[in-house]
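J.: Dropping in final12.pdb, which is PDB, N, CA and C atoms:
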```pdb
MODEL        1
ATOM      1  N   MET A   1     -75.221 -27.692 -56.390
ATOM      2  CA  MET A   1     -74.655 -27.984 -57.691
ATOM      3  C   MET A   1     -74.137 -29.417 -57.676
ATOM      4  N   ASN A   2     -74.425 -30.114 -58.707
ATOM      5  CA  ASN A   2     -73.953 -31.486 -58.838
ATOM      6  C   ASN A   2     -72.426 -31.492 -58.964
ATOM      7  N   ILE A   3     -71.781 -32.470 -58.349
ATOM      8  CA  ILE A   3     -70.318 -32.520 -58.360
ATOM      9  C   ILE A   3     -69.777 -32.681 -59.769
ATOM     10  N   TRP A   4     -70.491 -33.388 -60.625
ATOM     11  CA  TRP A   4     -70.003 -33.605 -61.991
ATOM     12  C   TRP A   4     -70.088 -32.334 -62.823
ATOM     13  N   ILE A   5     -71.036 -31.476 -62.516
ATOM     14  CA  ILE A   5     -71.099 -30.179 -63.201
ATOM     15  C   ILE A   5     -69.881 -29.344 -62.804
ATOM     16  N   ALA A   6     -69.545 -29.375 -61.524
ATOM     17  CA  ALA A   6     -68.365 -28.641 -61.053
ATOM     18  C   ALA A   6     -67.090 -29.196 -61.700
ATOM     19  N   VAL A   7     -66.993 -30.515 -61.818
ATOM     20  CA  VAL A   7     -65.821 -31.123 -62.455
ATOM     21  C   VAL A   7     -65.749 -30.711 -63.922
ATOM     22  N   ALA A   8     -66.877 -30.755 -64.620
ATOM     23  CA  ALA A   8     -66.899 -30.385 -66.040
ATOM     24  C   ALA A   8     -66.532 -28.914 -66.229
ATOM     25  N   LEU A   9     -67.036 -28.037 -65.375
ATOM     26  CA  LEU A   9     -66.696 -26.619 -65.472
ATOM     27  C   LEU A   9     -65.207 -26.393 -65.192
ATOM     28  N   THR A  10     -64.654 -27.132 -64.258
ATOM     29  CA  THR A  10     -63.224 -27.019 -63.972
ATOM     30  C   THR A  10     -62.388 -27.481 -65.159
ATOM     31  N   VAL A  11     -62.794 -28.583 -65.770
ATOM     32  CA  VAL A  11     -62.089 -29.086 -66.948
ATOM     33  C   VAL A  11     -62.132 -28.057 -68.068
ATOM     34  N   LEU A  12     -63.290 -27.491 -68.324
ATOM     35  CA  LEU A  12     -63.424 -26.484 -69.377
ATOM     36  C   LEU A  12     -62.602 -25.235 -69.054
ATOM     37  N   GLY A  13     -62.594 -24.832 -67.797
ATOM     38  CA  GLY A  13     -61.800 -23.667 -67.406
ATOM     39  C   GLY A  13     -60.311 -23.901 -67.594
ATOM     40  N   CYS A  14     -59.833 -25.085 -67.211
ATOM     41  CA  CYS A  14     -58.411 -25.412 -67.398
ATOM     42  C   CYS A  14     -58.050 -25.447 -68.876
ATOM     43  N   TYR A  15     -58.921 -26.007 -69.680
ATOM     44  CA  TYR A  15     -58.654 -26.057 -71.119
ATOM     45  C   TYR A  15     -58.628 -24.651 -71.709
ATOM     46  N   ALA A  16     -59.533 -23.783 -71.262
ATOM     47  CA  ALA A  16     -59.574 -22.414 -71.772
ATOM     48  C   ALA A  16     -58.304 -21.646 -71.395
ATOM     49  N   VAL A  17     -57.815 -21.845 -70.175
ATOM     50  CA  VAL A  17     -56.583 -21.172 -69.766
ATOM     51  C   VAL A  17     -55.403 -21.679 -70.587
ATOM     52  N   LYS A  18     -55.339 -22.986 -70.813
ATOM     53  CA  LYS A  18     -54.260 -23.556 -71.623
ATOM     54  C   LYS A  18     -54.324 -23.023 -73.052
ATOM     55  N   LEU A  19     -55.525 -22.958 -73.621
ATOM     56  CA  LEU A  19     -55.700 -22.454 -74.979
ATOM     57  C   LEU A  19     -55.312 -20.975 -75.057
ATOM     58  N   ALA A  20     -55.686 -20.205 -74.051
ATOM     59  CA  ALA A  20     -55.326 -18.788 -74.044
ATOM     60  C   ALA A  20     -53.807 -18.619 -74.004
ATOM     61  N   GLY A  21     -53.120 -19.473 -73.251
ATOM     62  CA  GLY A  21     -51.670 -19.409 -73.203
ATOM     63  C   GLY A  21     -51.026 -19.741 -74.535
ATOM     64  N   LEU A  22     -51.627 -20.651 -75.269
ATOM     65  CA  LEU A  22     -51.080 -21.015 -76.573
ATOM     66  C   LEU A  22     -51.337 -19.945 -77.631
ATOM     67  N   LEU A  23     -52.354 -19.124 -77.428
ATOM     68  CA  LEU A  23     -52.710 -18.101 -78.403
ATOM     69  C   LEU A  23     -51.940 -16.793 -78.222
ATOM     70  N   VAL A  24     -51.169 -16.679 -77.134
ATOM     71  CA  VAL A  24     -50.390 -15.465 -76.899
ATOM     72  C   VAL A  24     -49.249 -15.408 -77.919
ATOM     73  N   PRO A  25     -49.087 -14.279 -78.610
ATOM     74  CA  PRO A  25     -47.999 -14.167 -79.586
ATOM     75  C   PRO A  25     -46.626 -14.331 -78.933
ATOM     76  N   ALA A  26     -45.692 -14.903 -79.670
ATOM     77  CA  ALA A  26     -44.357 -15.159 -79.141
ATOM     78  C   ALA A  26     -43.637 -13.863 -78.758
ATOM     79  N   GLY A  27     -43.911 -12.779 -79.474
ATOM     80  CA  GLY A  27     -43.271 -11.505 -79.168
ATOM     81  C   GLY A  27     -43.612 -10.995 -77.782
ATOM     82  N   VAL A  28     -44.820 -11.257 -77.330
ATOM     83  CA  VAL A  28     -45.228 -10.823 -75.990
ATOM     84  C   VAL A  28     -44.459 -11.600 -74.931
ATOM     85  N   LEU A  29     -44.240 -12.887 -75.188
ATOM     86  CA  LEU A  29     -43.550 -13.726 -74.206
ATOM     87  C   LEU A  29     -42.064 -13.432 -74.099
ATOM     88  N   GLU A  30     -41.499 -12.750 -75.079
ATOM     89  CA  GLU A  30     -40.067 -12.445 -75.076
ATOM     90  C   GLU A  30     -39.736 -11.144 -74.364
ATOM     91  N   ARG A  31     -40.735 -10.384 -73.957
ATOM     92  CA  ARG A  31     -40.476  -9.108 -73.262
ATOM     93  C   ARG A  31     -39.842  -9.371 -71.903
ATOM     94  N   PRO A  32     -38.909  -8.510 -71.489
ATOM     95  CA  PRO A  32     -38.218  -8.721 -70.203
ATOM     96  C   PRO A  32     -39.165  -8.738 -68.995
ATOM     97  N   LEU A  33     -40.176  -7.871 -68.993
ATOM     98  CA  LEU A  33     -41.110  -7.834 -67.873
ATOM     99  C   LEU A  33     -41.884  -9.146 -67.765
ATOM    100  N   VAL A  34     -42.324  -9.664 -68.888
ATOM    101  CA  VAL A  34     -43.074 -10.919 -68.885
ATOM    102  C   VAL A  34     -42.176 -12.071 -68.420
ATOM    103  N   ARG A  35     -40.939 -12.072 -68.834
ATOM    104  CA  ARG A  35     -39.998 -13.120 -68.408
ATOM    105  C   ARG A  35     -39.761 -13.065 -66.900
ATOM    106  N   ARG A  36     -39.603 -11.844 -66.355
ATOM    107  CA  ARG A  36     -39.390 -11.713 -64.908
ATOM    108  C   ARG A  36     -40.615 -12.172 -64.136
ATOM    109  N   LEU A  37     -41.799 -11.761 -64.606
ATOM    110  CA  LEU A  37     -43.021 -12.179 -63.920
ATOM    111  C   LEU A  37     -43.219 -13.682 -63.997
ATOM    112  N   ALA A  38     -42.913 -14.276 -65.134
ATOM    113  CA  ALA A  38     -43.052 -15.725 -65.284
ATOM    114  C   ALA A  38     -42.080 -16.465 -64.374
ATOM    115  N   ALA A  39     -40.923 -15.892 -64.120
ATOM    116  CA  ALA A  39     -39.955 -16.536 -63.235
ATOM    117  C   ALA A  39     -40.372 -16.412 -61.773
ATOM    118  N   LEU A  40     -41.031 -15.315 -61.403
ATOM    119  CA  LEU A  40     -41.396 -15.083 -60.009
ATOM    120  C   LEU A  40     -42.760 -15.651 -59.625
ATOM    121  N   LEU A  41     -43.614 -15.900 -60.572
ATOM    122  CA  LEU A  41     -44.965 -16.361 -60.281
ATOM    123  C   LEU A  41     -44.996 -17.695 -59.530
ATOM    124  N   PRO A  42     -44.234 -18.717 -59.925
ATOM    125  CA  PRO A  42     -44.276 -19.969 -59.152
ATOM    126  C   PRO A  42     -43.828 -19.798 -57.702
ATOM    127  N   VAL A  43     -42.843 -18.945 -57.466
ATOM    128  CA  VAL A  43     -42.373 -18.704 -56.104
ATOM    129  C   VAL A  43     -43.478 -18.046 -55.273
ATOM    130  N   ALA A  44     -44.147 -17.070 -55.856
ATOM    131  CA  ALA A  44     -45.227 -16.380 -55.143
ATOM    132  C   ALA A  44     -46.387 -17.323 -54.847
ATOM    133  N   LEU A  45     -46.742 -18.163 -55.804
ATOM    134  CA  LEU A  45     -47.833 -19.108 -55.587
ATOM    135  C   LEU A  45     -47.477 -20.140 -54.529
ATOM    136  N   LEU A  46     -46.248 -20.625 -54.539
ATOM    137  CA  LEU A  46     -45.824 -21.589 -53.529
ATOM    138  C   LEU A  46     -45.784 -20.953 -52.143
ATOM    139  N   ALA A  47     -45.338 -19.710 -52.057
ATOM    140  CA  ALA A  47     -45.330 -19.010 -50.767
ATOM    141  C   ALA A  47     -46.752 -18.808 -50.246
ATOM    142  N   ALA A  48     -47.671 -18.452 -51.124
ATOM    143  CA  ALA A  48     -49.063 -18.267 -50.713
ATOM    144  C   ALA A  48     -49.678 -19.586 -50.253
ATOM    145  N   LEU A  49     -49.395 -20.662 -50.962
ATOM    146  CA  LEU A  49     -49.907 -21.972 -50.567
ATOM    147  C   LEU A  49     -49.337 -22.396 -49.218
ATOM    148  N   THR A  50     -48.052 -22.164 -49.003
ATOM    149  CA  THR A  50     -47.425 -22.504 -47.726
ATOM    150  C   THR A  50     -48.049 -21.706 -46.588
ATOM    151  N   ALA A  51     -48.243 -20.421 -46.790
ATOM    152  CA  ALA A  51     -48.855 -19.579 -45.754
ATOM    153  C   ALA A  51     -50.284 -20.022 -45.462
ATOM    154  N   GLN A  52     -51.035 -20.341 -46.494
ATOM    155  CA  GLN A  52     -52.426 -20.756 -46.300
ATOM    156  C   GLN A  52     -52.492 -22.082 -45.543
ATOM    157  N   GLN A  53     -51.632 -23.016 -45.892
ATOM    158  CA  GLN A  53     -51.648 -24.313 -45.230
ATOM    159  C   GLN A  53     -51.107 -24.240 -43.801
ATOM    160  N   THR A  54     -50.264 -23.253 -43.519
ATOM    161  CA  THR A  54     -49.666 -23.137 -42.196
ATOM    162  C   THR A  54     -50.557 -22.371 -41.229
ATOM    163  N   PHE A  55     -51.141 -21.287 -41.680
ATOM    164  CA  PHE A  55     -51.839 -20.389 -40.764
ATOM    165  C   PHE A  55     -53.357 -20.426 -40.872
ATOM    166  N   ALA A  56     -53.938 -21.305 -41.676
ATOM    167  CA  ALA A  56     -55.391 -21.342 -41.825
ATOM    168  C   ALA A  56     -55.942 -22.671 -41.336
ATOM    169  N   ASP A  57     -57.085 -22.591 -40.696
ATOM    170  CA  ASP A  57     -57.822 -23.773 -40.277
ATOM    171  C   ASP A  57     -59.288 -23.510 -40.604
ATOM    172  N   GLY A  58     -59.701 -23.964 -41.768
ATOM    173  CA  GLY A  58     -61.049 -23.636 -42.223
ATOM    174  C   GLY A  58     -61.108 -22.167 -42.593
ATOM    175  N   ARG A  59     -61.916 -21.422 -41.868
ATOM    176  CA  ARG A  59     -62.059 -19.993 -42.145
ATOM    177  C   ARG A  59     -61.394 -19.129 -41.072
ATOM    178  N   ALA A  60     -60.573 -19.740 -40.217
ATOM    179  CA  ALA A  60     -59.944 -19.001 -39.125
ATOM    180  C   ALA A  60     -58.424 -19.048 -39.273
ATOM    181  N   LEU A  61     -57.780 -17.989 -38.800
ATOM    182  CA  LEU A  61     -56.325 -17.959 -38.741
ATOM    183  C   LEU A  61     -55.877 -18.563 -37.414
ATOM    184  N   VAL A  62     -54.861 -19.404 -37.464
ATOM    185  CA  VAL A  62     -54.369 -20.056 -36.253
ATOM    186  C   VAL A  62     -52.851 -19.948 -36.190
ATOM    187  N   LEU A  63     -52.345 -20.034 -34.987
ATOM    188  CA  LEU A  63     -50.909 -20.063 -34.761
ATOM    189  C   LEU A  63     -50.642 -21.284 -33.897
ATOM    190  N   ASP A  64     -50.207 -22.373 -34.540
ATOM    191  CA  ASP A  64     -50.030 -23.627 -33.820
ATOM    192  C   ASP A  64     -48.676 -24.247 -34.149
ATOM    193  N   ALA A  65     -48.564 -25.540 -34.010
ATOM    194  CA  ALA A  65     -47.296 -26.243 -34.203
ATOM    195  C   ALA A  65     -46.779 -26.116 -35.631
ATOM    196  N   ARG A  66     -47.671 -25.969 -36.589
ATOM    197  CA  ARG A  66     -47.229 -25.817 -37.975
ATOM    198  C   ARG A  66     -46.395 -24.551 -38.150
ATOM    199  N   ALA A  67     -46.760 -23.494 -37.461
ATOM    200  CA  ALA A  67     -45.990 -22.241 -37.546
ATOM    201  C   ALA A  67     -44.599 -22.420 -36.954
ATOM    202  N   ALA A  68     -44.504 -23.173 -35.869
ATOM    203  CA  ALA A  68     -43.184 -23.438 -35.280
ATOM    204  C   ALA A  68     -42.327 -24.253 -36.241
ATOM    205  N   GLY A  69     -42.930 -25.230 -36.899
ATOM    206  CA  GLY A  69     -42.195 -26.027 -37.877
ATOM    207  C   GLY A  69     -41.729 -25.193 -39.049
ATOM    208  N   LEU A  70     -42.576 -24.289 -39.510
ATOM    209  CA  LEU A  70     -42.200 -23.414 -40.617
ATOM    210  C   LEU A  70     -41.064 -22.475 -40.204
ATOM    211  N   ALA A  71     -41.136 -21.955 -38.991
ATOM    212  CA  ALA A  71     -40.062 -21.085 -38.508
ATOM    213  C   ALA A  71     -38.748 -21.851 -38.395
ATOM    214  N   ALA A  72     -38.806 -23.081 -37.922
ATOM    215  CA  ALA A  72     -37.598 -23.901 -37.819
ATOM    216  C   ALA A  72     -37.032 -24.207 -39.198
ATOM    217  N   ALA A  73     -37.900 -24.478 -40.149
ATOM    218  CA  ALA A  73     -37.437 -24.729 -41.522
ATOM    219  C   ALA A  73     -36.799 -23.475 -42.102
ATOM    220  N   GLY A  74     -37.390 -22.323 -41.836
ATOM    221  CA  GLY A  74     -36.808 -21.067 -42.313
ATOM    222  C   GLY A  74     -35.431 -20.825 -41.722
ATOM    223  N   LEU A  75     -35.277 -21.121 -40.440
ATOM    224  CA  LEU A  75     -33.969 -20.975 -39.795
ATOM    225  C   LEU A  75     -32.950 -21.938 -40.408
ATOM    226  N   ALA A  76     -33.388 -23.170 -40.666
ATOM    227  CA  ALA A  76     -32.483 -24.141 -41.294
ATOM    228  C   ALA A  76     -32.077 -23.685 -42.690
ATOM    229  N   LEU A  77     -32.997 -23.060 -43.405
ATOM    230  CA  LEU A  77     -32.653 -22.537 -44.732
ATOM    231  C   LEU A  77     -31.656 -21.386 -44.638
ATOM    232  N   VAL A  78     -31.842 -20.519 -43.664
ATOM    233  CA  VAL A  78     -30.915 -19.407 -43.479
ATOM    234  C   VAL A  78     -29.515 -19.938 -43.154
ATOM    235  N   LEU A  79     -29.461 -21.044 -42.427
ATOM    236  CA  LEU A  79     -28.178 -21.656 -42.084
ATOM    237  C   LEU A  79     -27.631 -22.539 -43.210
ATOM    238  N   ARG A  80     -28.332 -22.530 -44.350
ATOM    239  CA  ARG A  80     -27.923 -23.256 -45.562
ATOM    240  C   ARG A  80     -27.849 -24.761 -45.367
ATOM    241  N   ALA A  81     -28.819 -25.310 -44.657
ATOM    242  CA  ALA A  81     -28.887 -26.756 -44.472
ATOM    243  C   ALA A  81     -29.395 -27.402 -45.762
ATOM    244  N   PRO A  82     -29.028 -28.650 -46.012
ATOM    245  CA  PRO A  82     -29.564 -29.357 -47.179
ATOM    246  C   PRO A  82     -31.083 -29.534 -47.066
ATOM    247  N   PHE A  83     -31.717 -29.740 -48.207
ATOM    248  CA  PHE A  83     -33.178 -29.782 -48.253
ATOM    249  C   PHE A  83     -33.752 -30.848 -47.334
ATOM    250  N   LEU A  84     -33.196 -32.044 -47.345
ATOM    251  CA  LEU A  84     -33.735 -33.113 -46.490
ATOM    252  C   LEU A  84     -33.583 -32.776 -45.012
ATOM    253  N   VAL A  85     -32.527 -32.085 -44.657
ATOM    254  CA  VAL A  85     -32.357 -31.645 -43.272
ATOM    255  C   VAL A  85     -33.417 -30.606 -42.922
ATOM    256  N   VAL A  86     -33.699 -29.698 -43.847
ATOM    257  CA  VAL A  86     -34.739 -28.679 -43.627
ATOM    258  C   VAL A  86     -36.082 -29.344 -43.377
ATOM    259  N   VAL A  87     -36.417 -30.317 -44.206
ATOM    260  CA  VAL A  87     -37.696 -31.030 -44.040
ATOM    261  C   VAL A  87     -37.709 -31.784 -42.720
ATOM    262  N   GLY A  88     -36.597 -32.456 -42.390
ATOM    263  CA  GLY A  88     -36.531 -33.190 -41.129
ATOM    264  C   GLY A  88     -36.658 -32.287 -39.918
ATOM    265  N   VAL A  89     -36.023 -31.138 -39.964
ATOM    266  CA  VAL A  89     -36.128 -30.172 -38.857
ATOM    267  C   VAL A  89     -37.574 -29.694 -38.713
ATOM    268  N   ALA A  90     -38.213 -29.385 -39.821
ATOM    269  CA  ALA A  90     -39.600 -28.917 -39.774
ATOM    270  C   ALA A  90     -40.521 -29.987 -39.196
ATOM    271  N   VAL A  91     -40.339 -31.211 -39.644
ATOM    272  CA  VAL A  91     -41.176 -32.311 -39.137
ATOM    273  C   VAL A  91     -40.908 -32.541 -37.657
ATOM    274  N   GLY A  92     -39.636 -32.556 -37.279
ATOM    275  CA  GLY A  92     -39.298 -32.801 -35.875
ATOM    276  C   GLY A  92     -39.830 -31.724 -34.944
ATOM    277  N   VAL A  93     -39.668 -30.472 -35.328
ATOM    278  CA  VAL A  93     -40.153 -29.377 -34.478
ATOM    279  C   VAL A  93     -41.680 -29.391 -34.392
ATOM    280  N   THR A  94     -42.329 -29.611 -35.529
ATOM    281  CA  THR A  94     -43.800 -29.657 -35.512
ATOM    282  C   THR A  94     -44.291 -30.789 -34.615
ATOM    283  N   ALA A  95     -43.698 -31.964 -34.753
ATOM    284  CA  ALA A  95     -44.107 -33.104 -33.929
ATOM    285  C   ALA A  95     -43.806 -32.844 -32.450
ATOM    286  N   GLY A  96     -42.648 -32.254 -32.168
ATOM    287  CA  GLY A  96     -42.308 -31.960 -30.796
ATOM    288  C   GLY A  96     -43.254 -30.967 -30.136
ATOM    289  N   VAL A  97     -43.605 -29.921 -30.866
ATOM    290  CA  VAL A  97     -44.523 -28.917 -30.321
ATOM    291  C   VAL A  97     -45.915 -29.520 -30.126
ATOM    292  N   ARG A  98     -46.335 -30.350 -31.063
ATOM    293  CA  ARG A  98     -47.650 -30.995 -30.885
ATOM    294  C   ARG A  98     -47.652 -31.949 -29.708
ATOM    295  N   THR A  99     -46.557 -32.641 -29.503
ATOM    296  CA  THR A  99     -46.469 -33.567 -28.385
ATOM    297  C   THR A  99     -46.480 -32.833 -27.050
ATOM    298  N   LEU A 100     -45.726 -31.735 -26.969
ATOM    299  CA  LEU A 100     -45.646 -30.976 -25.731
ATOM    300  C   LEU A 100     -46.893 -30.148 -25.468
ATOM    301  N   GLY A 101     -47.568 -29.740 -26.548
ATOM    302  CA  GLY A 101     -48.715 -28.847 -26.381
ATOM    303  C   GLY A 101     -49.980 -29.564 -26.423
TER     304      GLY A 101
ENDMDL
END
```
Spit out the file's structure as structure tokens when you get a sec.
T.:
Amino acid sequence: MNIWIAVALTVLGCYAVKLAGLLVPAGVLERPLVRRLAALLPVALLAALTAQQTFADGRALVLDARAAGLAAAGLALVLRAPFLVVVGVAVGVTAGVRTLG
């Protein structure tokens, strides 16, 4: 498939999803279940993206320095560290494990 065909299909798909969102009646969006799902969806998508980027290498599952960095960041979050400290801990642990391993 030509790359420009794929780009055009992606553009059309994004536009169709945006249009579908605009066509949803306001009454549907005001329901409590829809509001809860809309609030939780970004968190779920971000968690899935983080897991995929941490534990996947092509088509294989791996457990490497990225997992150690993620675990260190999770521990820093549990200890209520500021965001920049969490990122710094994750980077430092990942770099340290890669250097040692």
J.: Just so the selection is clear, what residues does the PyMOL selection byres ((chain A and resi 64-81) around 6) cover here, as a list in words?
T.: Thr54, Val62, Leu63, Pro82, Phe83, Val85, Val86, Val89, Ala90, Val91, Val93, Thr94, Val97 and Arg98 of chain A
J.: Write out as a ChimeraX atom specification the set of residues from chain A that DSSP, computed on the backbone, places in helix (DSSP H, G or I).
T.: /A:3-23,26-29,32-55,65-78,83-100
J.: Could you jot down the atom CA of A:Gln53 to atom CA of A:Ala95 separation for me, Å, one decimal place?
T.: 16.2 Å
J.: If I take atom CA of A:Val34 and atom N of A:Thr10, how far is one from the other in Å, to one decimal?
T.: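 A separation of 27.4 Å between them.
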J.: Could the centre and edge lengths of an axis-aligned box, enclosing all atoms of stretch 79-95 of chain A in the file with 8 Å extra on each side, be given in Å to one decimal as JSON?
T.:
```
{"center_x": -36.0, "center_y": -27.1, "center_z": -40.4, "size_x": 32.7, "size_y": 28.1, "size_z": 31.8}
```
J.: So what do you get for atom C of A:Leu12 versus atom N of A:Pro32, distance-wise?
T.: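 Interatomic distance, atom C of A:Leu12 to atom N of A:Pro32: 29.1 Å.
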J.: Where does DSSP see strand (DSSP E) in chain A, if you list the residues as a ChimeraX atom specification?
T.: /A:56-57,60-61
J.: Write to file, as a compact mmCIF listing (two decimals), keeping the file's coordinate frame, the residues of the selection just made, with N, CA and C atoms.
T.:
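The resulting file, again_33.txt, is reproduced below:
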```
# COMPACT_ATOMS: atom_id res chain seq x y z
N ALA A 56 -53.94 -21.30 -41.68
CA ALA A 56 -55.39 -21.34 -41.82
C ALA A 56 -55.94 -22.67 -41.34
N ASP A 57 -57.08 -22.59 -40.70
CA ASP A 57 -57.82 -23.77 -40.28
C ASP A 57 -59.29 -23.51 -40.60
N ALA A 60 -60.57 -19.74 -40.22
CA ALA A 60 -59.94 -19.00 -39.12
C ALA A 60 -58.42 -19.05 -39.27
N LEU A 61 -57.78 -17.99 -38.80
CA LEU A 61 -56.32 -17.96 -38.74
C LEU A 61 -55.88 -18.56 -37.41
```
